[in-house]
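Enquirer: Have a look at this one before I ask anything.
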Amino acid sequence: MANITLFSQIISKLDRSKFNKIVSKKETDKHNKGFNSWNHLVSMLFCQFAKSQSVRDISNGLRSASGNLNHLGINKAPSKSSISYQNKNRSHELFRDYYFELLQSLGQHPRFKQVKFRIKSKIFLLDSTTISLCLSLFDWAKYKRAKGAVKMHTLLDFDGNLPAYINITNGKTTDNKGAYEILLLKGSVIVADRFYNDFSLLNIWDSNEVFFVIRHKENLQFTTVKENELPENRHHHIIKDEIIELKKAPSKLKAPNKLRRVSVWNDENGQVIELITNQFHWSPNTIGELYKSRWQVEIFFRDIKQLLHIKSFIGTSENAVMIQIWTALITILILKALKAQSKFDWYLSNLVAFIRLNLFVKIDLQKWLDKPFEEHIEPPPDYIQGVLF
């Protein structure tokens, strides 16, 4: 039986030295009022793992584990006012930068690598999700006249299905506008839905030698330059593979001179999906399967909304909302790393639920991950009967 709690063992997997470097660089511990950056991180991770509904829940939850707090690297449970104050005033950039630091370590597990495609290009899935907010409480989150929201523009790495880039904007920002700030990796491929069918954006990607597979809009006007021969006796869902030129793009918007258009029949939805790409050498089936893999980003959004705590917020300031979102991303990174290193075939939803129920149970983390349904009891010590006289 372990001497420290499950939550303490999970926290011990975080690289504190890298966190301290970010703290020193951003000077986030100035005027910390006894509640430093590490205490803040642990408190917000507890909020995510325990799905705490308020700062009171965080404070009381950590206070209930008072004898085990030193294993978390904190001296005492924070007060409600300390959590609220620092959520409002400590920069969310600290947690954003730490997520990407952890991604370089925890996010490189060998089991994250997917070998579905025989292409050398790094694959990224692009989409956004809207997180609704009450406009009367979150007046900075402009969206609609009587509704507030923030939008999370996400570039998901196909290997591991973890965000490689995130841009959080107000709800009014359209999908394609939120994608302009994405850092591009030469030779990579970006897969996206029709909302990113922006010729100016596609031209930027093309000029930076980034491949794209995008579902095009129904009103796309083009002429066929060449129709490629379809493969025989296989991939019958491929309807058309052709090289096209756009008839007329808006004068202010540049677009690649030639594009490839692939039409694929989707059995699940009973419809034809029409795709455009600037990759002319891959098979049409690879193009279709790449677009099909885009569903992974929808699964990621579902998981982070259903399993973690980002549909309601414990603070109303913009900074507090950002902190809660970034700590949710850190949490799902930790969860996927734990899932990857486990011998047991966990569903992510089950793993979250089981950890939530056993946060302060003292049990060996790795043994529990590998064999969660076995009773882990250490044998009693061998006592030697002493001689009284």
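Residues are referred to by chain and number: the chain letter is A, B, ... according to the order shown in the structure tokens, the number counts from 1 in that chain, and ligands are numbered separately from 1 in the order shown.
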Just list the residues in range 15-249 of chain A DSSP gives strand (DSSP E or B) on the backbone, as a PyMOL selection string.
Expert: chain A and resi 123-133+142-144+147-157+162-170+189-192+211-215+222-227+238-246
Enquirer: If we count only C-alpha atoms, what is near range 213-219 of chain A at a cut-off of 12 Å, once residues fewer than 5 positions away on the same chain are taken out, given as a count of residues only?
Expert: 52
Enquirer: Select, from A:Trp140, A:Ala2, A:Lys122, A:Ile168, the residue with the minimum atom-to-atom distance to Val361 in chain A, counting only C-alpha atoms.
Expert: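 Closest to Val361 in chain A, using only C-alpha atoms: A:Ala2.
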Enquirer: Write out as a list of chain:residue names which residues come within 8 Å of range 318-332 of chain A when counting only C-alpha atoms, dropping same-chain ones fewer than 5 positions away.
Expert: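 Near neighbours after the sequence-gap exclusion: A:Leu41, A:Met44, A:Leu45, A:Gln48, A:Phe49, A:Asn87, A:Lys88, A:Asn89, A:Arg90, A:Ser91, A:His92, A:Phe95, A:Arg96, A:Tyr99, A:Leu102, A:Phe138, A:Trp140, A:Ala141, A:Ile304, A:Leu308, A:His309, A:Ile310, A:Phe313.
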Enquirer: Skip range 362-372 of chain A itself and residues of its chain fewer than 2 positions away, then list as a list in words all residues within 10 Å of it, counting only C-alpha atoms.
Expert: Met1, Ala2, Asn3, Ile4, Thr5, Leu6, Phe7, Ser8, Gln9, Ile10, Asn68, Leu338, Lys339, Gln341, Ser342, Lys343, Phe344, Asp345, Trp346, Leu351, Phe354, Ile355, Asn358, Leu359, Phe360, Glu374, Glu375, His376 and Ile377 of chain A
Enquirer: Take CA of Gly61 in chain A and CA of Ala337 in chain A and report the distance between them in Å, one decimal.
Expert: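 Taking CA of Gly61 in chain A as the start and CA of Ala337 in chain A as the end point, the length is 24.7 Å.
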Enquirer: Using only C-alpha atoms, find the one residue out of A:Arg356, A:Lys30, A:Arg111, A:Lys186 that sits nearest to Phe212 in chain A.
Expert: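 Closest candidate: A:Lys186.
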Enquirer: Calculate how many Å separate CA of Asn75 in chain A from CA of Ser43 in chain A, rounding to one decimal.
Expert: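 Interatomic distance, CA of Asn75 in chain A to CA of Ser43 in chain A: 12.2 Å.
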Enquirer: Identify which of the residues A:Leu155, A:Ile11, A:Cys47, A:Ile58 lies closest to Gly73 in chain A, counting only C-alpha atoms when measuring atom-to-atom distances.
Expert: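 Counting only C-alpha atoms, the residue closest to Gly73 in chain A is A:Ile11.
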